[in-house]
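Undergrad: Just structure00.cif, nothing more (mmCIF, C-alpha atoms):
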```cif
data_run
#
loop_
_atom_site.label_atom_id
_atom_site.label_comp_id
_atom_site.auth_asym_id
_atom_site.auth_seq_id
_atom_site.Cartn_x
_atom_site.Cartn_y
_atom_site.Cartn_z
CA MET A 1 81.80 112.34 82.96
CA ARG A 2 84.31 109.54 82.53
CA SER A 3 86.26 108.52 85.60
CA THR A 4 89.74 107.05 85.93
CA SER A 5 91.41 104.22 87.79
CA ASN A 6 94.36 106.46 88.65
CA PRO A 7 93.72 107.90 92.15
CA ALA A 8 95.85 110.92 91.29
CA PHE A 9 93.09 112.24 89.04
CA ARG A 10 90.08 111.30 91.14
CA ASN A 11 89.93 114.39 93.33
CA LEU A 12 90.37 117.14 90.76
CA PRO A 13 88.31 120.29 91.35
CA ILE A 14 85.13 120.29 89.30
CA GLY A 15 83.75 123.38 87.65
CA SER A 16 80.58 123.95 85.69
CA GLY A 17 82.16 122.43 82.60
CA GLY A 18 83.92 119.45 84.12
CA TYR A 19 87.24 120.62 85.57
CA GLY A 20 86.60 124.31 85.32
CA GLN A 21 86.01 126.91 82.63
CA TYR A 22 89.32 128.58 81.97
CA GLY A 23 89.69 128.47 78.22
CA PRO A 24 88.84 126.87 74.86
CA ASN A 25 89.02 123.23 73.86
CA VAL A 26 92.49 122.01 72.89
CA GLY A 27 94.53 118.99 73.93
CA PHE A 28 96.66 115.96 73.12
CA SER A 29 94.30 114.85 70.37
CA GLN A 30 94.63 118.14 68.50
CA PRO A 31 97.25 118.54 65.71
CA LEU A 32 100.47 119.98 67.09
CA GLY A 33 100.83 122.69 64.45
CA GLY A 34 100.48 126.42 64.78
CA GLY A 35 101.94 128.75 67.37
CA PRO A 36 102.68 128.29 71.05
CA GLY A 37 99.87 126.85 73.12
CA TYR A 38 98.44 124.89 70.17
CA GLY A 39 95.69 127.36 69.36
CA MET A 40 95.03 128.72 72.84
CA PRO A 41 94.89 132.48 73.43
CA GLN A 42 98.25 133.70 74.66
CA ALA A 43 98.56 134.80 78.28
CA PRO A 44 101.41 136.97 79.56
CA THR A 45 104.59 135.00 80.12
CA GLY A 46 104.73 133.67 83.66
CA ALA A 47 101.06 134.33 84.35
CA ALA A 48 100.09 131.99 87.16
CA ASP A 49 96.59 131.41 85.81
CA ARG A 50 97.36 130.93 82.13
CA PRO A 51 95.75 127.78 80.67
CA MET A 52 97.93 124.68 80.62
CA THR A 53 99.15 123.32 77.29
CA VAL A 54 100.59 120.08 75.96
CA ASP A 55 104.05 121.59 76.34
CA ASP A 56 103.42 122.09 80.06
CA VAL A 57 102.49 118.44 80.54
CA VAL A 58 105.44 117.21 78.45
CA VAL A 59 107.97 119.39 80.29
CA LYS A 60 106.67 118.57 83.78
CA THR A 61 106.48 114.86 83.01
CA GLY A 62 109.99 114.97 81.54
CA LEU A 63 111.36 116.67 84.65
CA SER A 64 109.64 114.13 86.91
CA LEU A 65 110.87 111.18 84.87
CA GLY A 66 114.39 112.62 84.68
CA THR A 67 114.48 113.05 88.46
CA ALA A 68 113.38 109.44 88.97
CA LEU A 69 115.99 108.20 86.48
CA VAL A 70 118.85 110.08 88.18
CA THR A 71 118.04 108.85 91.69
CA GLY A 72 117.22 105.40 90.36
CA VAL A 73 120.49 104.97 88.47
CA LEU A 74 122.56 106.22 91.41
CA THR A 75 120.75 103.91 93.83
CA ALA A 76 121.05 100.93 91.48
CA MET A 77 124.79 101.54 91.04
CA TYR A 78 125.25 101.70 94.81
CA THR A 79 123.20 98.52 95.29
CA ILE A 80 125.20 96.61 92.67
CA SER A 81 128.51 97.74 94.17
CA GLN A 82 127.40 96.59 97.61
CA ALA A 83 126.24 93.23 96.29
CA ARG A 84 129.46 92.61 94.35
CA ALA A 85 131.57 93.56 97.35
CA GLY A 86 129.70 91.04 99.46
CA GLY A 87 128.80 93.71 101.98
CA SER A 88 125.63 94.01 104.02
CA LEU A 89 122.51 94.95 102.10
CA GLY A 90 120.92 96.51 105.15
CA THR A 91 121.46 100.01 103.76
CA VAL A 92 119.97 98.94 100.44
CA VAL A 93 116.89 97.56 102.17
CA GLY A 94 116.64 100.80 104.13
CA LEU A 95 116.77 102.83 100.91
CA MET A 96 114.15 100.60 99.34
CA VAL A 97 111.73 100.79 102.25
CA GLY A 98 112.42 104.47 102.83
CA GLY A 99 111.83 105.37 99.19
CA MET A 100 108.63 103.34 99.13
CA LEU A 101 107.26 104.94 102.30
CA VAL A 102 108.18 108.50 101.28
CA GLY A 103 106.61 107.96 97.87
CA LEU A 104 103.47 106.47 99.42
CA VAL A 105 103.03 109.30 101.94
CA LEU A 106 103.61 112.02 99.34
CA SER A 107 101.22 110.39 96.90
CA LEU A 108 98.47 110.24 99.53
CA ILE A 109 99.09 113.87 100.48
CA MET A 110 98.90 115.01 96.86
CA ILE A 111 95.80 112.94 96.12
CA PHE A 112 93.79 114.17 99.10
CA ARG A 113 95.26 117.68 99.23
CA ARG A 114 93.86 118.32 95.75
CA LYS A 115 96.47 120.94 94.92
CA PRO A 116 99.30 120.63 92.39
CA SER A 117 102.83 121.06 93.68
CA GLY A 118 105.99 120.99 91.60
CA PRO A 119 108.35 120.39 94.55
CA MET A 120 106.21 117.56 95.95
CA THR A 121 105.94 115.93 92.52
CA LEU A 122 109.72 116.03 92.07
CA ILE A 123 110.37 114.73 95.59
CA TYR A 124 107.85 111.93 94.94
CA SER A 125 109.67 111.10 91.71
CA ALA A 126 113.04 111.10 93.49
CA ALA A 127 111.71 108.79 96.22
CA GLU A 128 110.24 106.39 93.67
CA GLY A 129 113.55 106.46 91.83
CA VAL A 130 115.36 105.38 95.00
CA PHE A 131 112.79 102.63 95.61
CA LEU A 132 112.94 101.33 92.05
CA GLY A 133 116.72 101.75 91.90
CA ALA A 134 117.27 99.54 94.95
CA ILE A 135 115.04 96.81 93.54
CA THR A 136 116.58 97.13 90.08
CA GLY A 137 120.11 96.93 91.49
CA ILE A 138 119.34 93.64 93.21
CA PHE A 139 117.74 92.20 90.07
CA GLU A 140 120.61 93.46 87.91
CA HIS A 141 123.11 91.76 90.18
CA LEU A 142 121.23 88.48 89.87
CA TRP A 143 120.46 88.75 86.14
CA PRO A 144 122.80 91.18 84.34
CA GLY A 145 121.05 93.14 81.60
CA ILE A 146 117.57 92.90 83.08
CA ALA A 147 117.49 96.59 84.07
CA LEU A 148 117.99 97.86 80.52
CA GLN A 149 115.38 95.42 79.25
CA ALA A 150 112.86 96.67 81.82
CA ILE A 151 113.56 100.33 81.01
CA LEU A 152 113.25 99.75 77.27
CA GLY A 153 110.10 97.69 77.78
CA THR A 154 108.46 100.42 79.87
CA ALA A 155 109.44 103.13 77.39
CA GLY A 156 108.16 101.03 74.52
CA VAL A 157 104.77 100.46 76.14
CA PHE A 158 104.45 104.16 77.02
CA VAL A 159 105.25 105.30 73.47
CA ALA A 160 103.00 102.64 71.94
CA MET A 161 100.02 103.67 74.07
CA LEU A 162 100.64 107.36 73.33
CA VAL A 163 100.58 106.58 69.61
CA VAL A 164 97.43 104.51 70.08
CA TYR A 165 95.78 107.43 71.88
CA ARG A 166 96.97 110.13 69.48
CA THR A 167 95.88 108.21 66.37
CA GLY A 168 92.52 107.29 67.87
CA ALA A 169 93.14 103.60 67.24
CA VAL A 170 91.48 102.98 70.61
CA LYS A 171 88.84 105.45 71.73
CA VAL A 172 88.54 106.19 75.44
CA THR A 173 84.81 105.65 75.83
CA PRO A 174 82.80 105.38 79.05
CA ARG A 175 82.49 101.63 78.47
CA LEU A 176 86.26 101.18 78.01
CA THR A 177 86.93 103.35 81.05
CA LYS A 178 84.66 101.19 83.22
CA TRP A 179 86.38 98.06 81.92
CA ILE A 180 89.85 99.41 82.73
CA ILE A 181 88.80 100.57 86.19
CA GLY A 182 87.20 97.20 86.92
CA ALA A 183 90.23 95.29 85.64
CA THR A 184 92.59 97.46 87.69
CA ALA A 185 90.54 96.95 90.84
CA GLY A 186 90.41 93.19 90.21
CA ALA A 187 94.18 92.97 89.72
CA VAL A 188 94.86 94.96 92.89
CA ILE A 189 92.48 92.75 94.90
CA LEU A 190 94.15 89.59 93.62
CA MET A 191 97.63 90.93 94.44
CA PHE A 192 96.49 91.92 97.93
CA MET A 193 94.90 88.49 98.50
CA ASN A 194 98.05 86.75 97.26
CA LEU A 195 100.15 88.81 99.69
CA LEU A 196 97.77 88.27 102.60
CA LEU A 197 97.42 84.53 102.07
CA GLY A 198 101.17 84.23 101.59
CA LEU A 199 101.62 85.41 105.17
CA PHE A 200 99.73 82.29 106.24
CA GLY A 201 101.67 79.94 103.98
CA VAL A 202 99.02 79.74 101.24
CA ASN A 203 100.50 80.08 97.74
CA MET A 204 98.07 81.22 95.05
CA GLY A 205 100.82 80.91 92.44
CA LEU A 206 100.43 84.49 91.19
CA ARG A 207 104.00 85.44 92.14
CA SER A 208 105.72 82.07 92.20
CA GLY A 209 107.48 82.45 88.85
CA GLY A 210 105.56 79.63 87.21
CA THR A 211 103.25 79.65 84.20
CA LEU A 212 100.34 81.16 86.13
CA ALA A 213 102.62 83.93 87.46
CA ILE A 214 103.83 84.74 83.93
CA VAL A 215 100.28 84.89 82.59
CA PHE A 216 99.17 87.05 85.52
CA SER A 217 102.08 89.47 84.98
CA LEU A 218 101.23 89.75 81.28
CA VAL A 219 97.63 90.57 82.16
CA VAL A 220 98.69 93.17 84.73
CA ILE A 221 101.09 94.76 82.23
CA GLY A 222 98.22 94.99 79.76
CA ILE A 223 95.99 96.63 82.37
CA ALA A 224 98.73 99.11 83.33
CA ALA A 225 99.26 99.93 79.65
CA PHE A 226 95.56 100.70 79.16
CA ASN A 227 95.69 102.90 82.25
CA PHE A 228 97.98 105.17 80.23
CA LEU A 229 95.03 105.79 77.91
CA LEU A 230 92.97 107.05 80.85
CA ASP A 231 95.89 109.21 82.02
CA PHE A 232 96.30 110.73 78.55
CA ASP A 233 92.58 111.31 78.28
CA MET A 234 92.41 112.96 81.70
CA ALA A 235 95.35 115.26 80.90
CA ASP A 236 93.77 115.99 77.53
CA ARG A 237 90.50 117.07 79.14
CA MET A 238 92.36 119.18 81.70
CA ILE A 239 93.95 121.02 78.78
CA ARG A 240 90.67 121.36 76.87
CA GLU A 241 88.97 122.78 79.94
CA GLY A 242 91.77 125.33 80.25
CA MET A 243 92.91 124.46 83.77
CA PRO A 244 95.76 126.67 85.06
CA SER A 245 99.24 125.65 83.92
CA LYS A 246 100.27 124.60 87.43
CA TRP A 247 97.97 121.58 87.11
CA ALA A 248 100.42 120.12 84.59
CA TRP A 249 102.36 118.97 87.65
CA PHE A 250 99.34 116.92 88.70
CA ALA A 251 99.11 115.36 85.25
CA ALA A 252 102.82 114.49 85.48
CA PHE A 253 102.27 112.94 88.91
CA GLY A 254 99.44 110.78 87.57
CA LEU A 255 101.53 109.55 84.65
CA MET A 256 104.43 108.77 86.99
CA THR A 257 102.27 106.57 89.24
CA THR A 258 101.23 104.44 86.27
CA MET A 259 104.79 104.30 84.95
CA VAL A 260 106.16 103.09 88.29
CA TRP A 261 103.55 100.32 88.41
CA LEU A 262 104.26 99.27 84.82
CA TYR A 263 108.04 99.22 85.33
CA LEU A 264 107.77 97.05 88.44
CA GLU A 265 105.54 94.55 86.67
CA ILE A 266 107.79 94.35 83.60
CA LEU A 267 110.83 93.87 85.84
CA ARG A 268 109.00 91.09 87.68
CA LEU A 269 107.99 89.38 84.43
CA LEU A 270 111.57 89.51 83.10
CA SER A 271 112.80 87.90 86.31
CA TYR A 272 110.36 85.02 85.79
CA LEU A 273 111.61 84.50 82.25
CA GLN A 274 115.24 84.46 83.46
CA ASN A 275 114.39 81.49 85.65
CA ASP A 276 112.96 79.44 82.80
#
```
Can I see the file as C-alpha cells?

TA:
Amino acid sequence: MRSTSNPAFRNLPIGSGGYGQYGPNVGFSQPLGGGPGYGMPQAPTGAADRPMTVDDVVVKTGLSLGTALVTGVLTAMYTISQARAGGSLGTVVGLMVGGMLVGLVLSLIMIFRRKPSGPMTLIYSAAEGVFLGAITGIFEHLWPGIALQAILGTAGVFVAMLVVYRTGAVKVTPRLTKWIIGATAGAVILMFMNLLLGLFGVNMGLRSGGTLAIVFSLVVIGIAAFNFLLDFDMADRMIREGMPSKWAWFAAFGLMTTMVWLYLEILRLLSYLQND
C-alpha cells in the first residue's frame, strides 16, 4: 500500500481491503458523469454509513476553505488597520500565536484520535485562517498587493495539480510516493535546522531573502504541490474503498494542511521578490 507524507492520512483505519470494505471502486479518477454518487449504489438520504463520494470531499473541503478565508480576511483587515493607525501590534501577535497553537493542537488531536469530526475540522480551519490572516496583514501592510498574489498563486497551484492528477499526466506510483515523502522530510529537517541554528546566530541562508532562500522556497513550493497529488490519491482511494461519508471531513482536513503550508511558502517567496 502506498503511504503519504501528510500526517493527517497516516492513521486511517485499515480494513481487509486497505481502508475498509464498504462499497465498490469509484473516485476522483473516474469520469464525473451519471447520477449522484458517480456510480455508487444509493443509500438512504442522511444515512450515517453511506459511502463517501467526490461530492462529499468537494463540499467539506469547500466549507473548510471558506471558513479559513472568512477568518483570514477579517484578521488581515484588522491587522492592516492596526498597522496603519500606528497602534500596538501586540493583539495581532497574540492572534497569530493563538491561531497557530490552536491549529497545531487540533491537528494533533485529529491525527492521533483517528476519527473524523466536522466541527473540529472547521475550528481548525478557522484557527489557521486567523494565523494566516495575521501574517498576511503584516505582509500586505509592508508590500501592498502581496496577499492577492499569494492567494491566486496558491489557487493556481491547487487547480494545476488537480488537473495533473485527473488527467493522469503524473501517475502516483509507489516510487513517486517515496520520493515525495523523502523530499518532504528533507525539507522539514532543513527548515528545523535553519531555525535551530538561527537561535545560536548561525545563518544557513535558507530564509535570508537571498538567492539561496529564493531557490529553497521554489523547491519547497514544488514539494508542497506534489503533496497535493498524494492527498488526491489518498482521498480517491478512500472513496474507492467506500469509507463512510463522514470521512470526507478527514480528507478535507488533509487537503487544508497542505494548502496552509503551500500558501505560507508562496507568501514567503513573494516577500523575497519584493526585496529584490

Undergrad: Looking at A:Met256, A:Gln82, A:Asn203, A:Val164, which one is nearest to A:Ala68, with distances taken over all atoms listed in the file?

TA: A:Met256

Undergrad: Starting from the displayed file, determine the output of the PyMOL selection byres ((chain A and resi 227-231) around 7) and express the residue list as a short mmCIF file (atom, residue, chain, number, x, y, z; two decimals) with C-alpha atoms, keeping the file's coordinate frame.

TA:
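Ended up saving to selection.cif:
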```cif
data_model
loop_
_atom_site.label_atom_id
_atom_site.label_comp_id
_atom_site.auth_asym_id
_atom_site.auth_seq_id
_atom_site.Cartn_x
_atom_site.Cartn_y
_atom_site.Cartn_z
CA THR A 4 89.74 107.05 85.93
CA MET A 161 100.02 103.67 74.07
CA TYR A 165 95.78 107.43 71.88
CA VAL A 172 88.54 106.19 75.44
CA ILE A 180 89.85 99.41 82.73
CA ILE A 223 95.99 96.63 82.37
CA ALA A 224 98.73 99.11 83.33
CA ALA A 225 99.26 99.93 79.65
CA PHE A 226 95.56 100.70 79.16
CA PHE A 232 96.30 110.73 78.55
CA ASP A 233 92.58 111.31 78.28
CA MET A 234 92.41 112.96 81.70
CA ALA A 235 95.35 115.26 80.90
CA GLY A 254 99.44 110.78 87.57
CA LEU A 255 101.53 109.55 84.65
CA THR A 258 101.23 104.44 86.27
#
```

Undergrad: Report, in Å to a single decimal, how far apart atom CA of A:Phe139 and atom CA of A:Val202 are.

TA: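 Taking atom CA of A:Val202 and atom CA of A:Phe139, their separation equals 25.1 Å.
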
Undergrad: Write out as a VMD selection string the residues lying within 9 Å of A:Gly72, counting all atoms listed in the file and excluding same-chain residues fewer than 3 positions away.

TA: chain A and resid 67 to 69 75 to 77 126 to 134 136

Undergrad: Work out how far atom CA of A:Gln274 is from atom CA of A:Gly209, in Å to one decimal.

TA: 9.7 Å

Undergrad: Which residues come within 12 Å of A:Ser64, counting only C-alpha atoms, excluding same-chain residues fewer than 2 positions away, as a PyMOL selection string?

TA: chain A and resi 57-62+66-71+117-129+248-257+259-260

Undergrad: Could you state the separation of atom CA of A:Trp247 and atom CA of A:Gly103 in Å, given to one decimal place?

TA: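 Computing it gives 19.4 Å between the two atoms.
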
Undergrad: Find the residues near stretch 153-156 of chain A: any atom within 12 Å, counting all atoms listed in the file, skip ones fewer than 2 places away on the same chain, and give them as a PyMOL selection string.

TA: chain A and resi 65+146-151+158-163+221-222+224-225+228+256+258-270

Undergrad: Please provide the set of residues having any atom within 9 Å of A:Met52, restricted to all atoms listed in the file, with same-chain residues fewer than 5 positions apart removed, written as a VMD selection string.

TA: chain A and resid 37 57 238 to 240 242 to 248

Undergrad: Let's have the selection written as an mmCIF file, keeping the file's coordinate frame, with C-alpha atoms.

TA:
```cif
data_model
loop_
_atom_site.group_PDB
_atom_site.id
_atom_site.type_symbol
_atom_site.label_atom_id
_atom_site.label_comp_id
_atom_site.auth_asym_id
_atom_site.auth_seq_id
_atom_site.Cartn_x
_atom_site.Cartn_y
_atom_site.Cartn_z
ATOM 1 C CA GLY A 37 99.870 126.850 73.120
ATOM 2 C CA VAL A 57 102.490 118.440 80.540
ATOM 3 C CA MET A 238 92.360 119.180 81.700
ATOM 4 C CA ILE A 239 93.950 121.020 78.780
ATOM 5 C CA ARG A 240 90.670 121.360 76.870
ATOM 6 C CA GLY A 242 91.770 125.330 80.250
ATOM 7 C CA MET A 243 92.910 124.460 83.770
ATOM 8 C CA PRO A 244 95.760 126.670 85.060
ATOM 9 C CA SER A 245 99.240 125.650 83.920
ATOM 10 C CA LYS A 246 100.270 124.600 87.430
ATOM 11 C CA TRP A 247 97.970 121.580 87.110
ATOM 12 C CA ALA A 248 100.420 120.120 84.590
#
```

Undergrad: Evaluate the PyMOL selection byres ((chain A and resi 187) around 10) here and jot the selected residues down as a ChimeraX atom specification.

TA: /A:181-186,188-193,216-217,219-220,223-224

Undergrad: Please list as a list of chain:residue names every residue within 10 Å of A:Ala83, counting only C-alpha atoms and excluding residues in the same chain fewer than 3 positions away.

TA: A:Met77, A:Tyr78, A:Thr79, A:Ile80, A:Gly86, A:Gly87, A:Ser88, A:Leu89, A:Val92, A:Gly137, A:Ile138, A:His141, A:Leu142

Undergrad: Hey, can you spit out that residue selection with C-alpha atoms as a short mmCIF file (atom, residue, chain, number, x, y, z; two decimals), keeping the file's coordinate frame?

TA:
```cif
data_model
loop_
_atom_site.label_atom_id
_atom_site.label_comp_id
_atom_site.auth_asym_id
_atom_site.auth_seq_id
_atom_site.Cartn_x
_atom_site.Cartn_y
_atom_site.Cartn_z
CA MET A 77 124.79 101.54 91.04
CA TYR A 78 125.25 101.70 94.81
CA THR A 79 123.20 98.52 95.29
CA ILE A 80 125.20 96.61 92.67
CA GLY A 86 129.70 91.04 99.46
CA GLY A 87 128.80 93.71 101.98
CA SER A 88 125.63 94.01 104.02
CA LEU A 89 122.51 94.95 102.10
CA VAL A 92 119.97 98.94 100.44
CA GLY A 137 120.11 96.93 91.49
CA ILE A 138 119.34 93.64 93.21
CA HIS A 141 123.11 91.76 90.18
CA LEU A 142 121.23 88.48 89.87
#
```
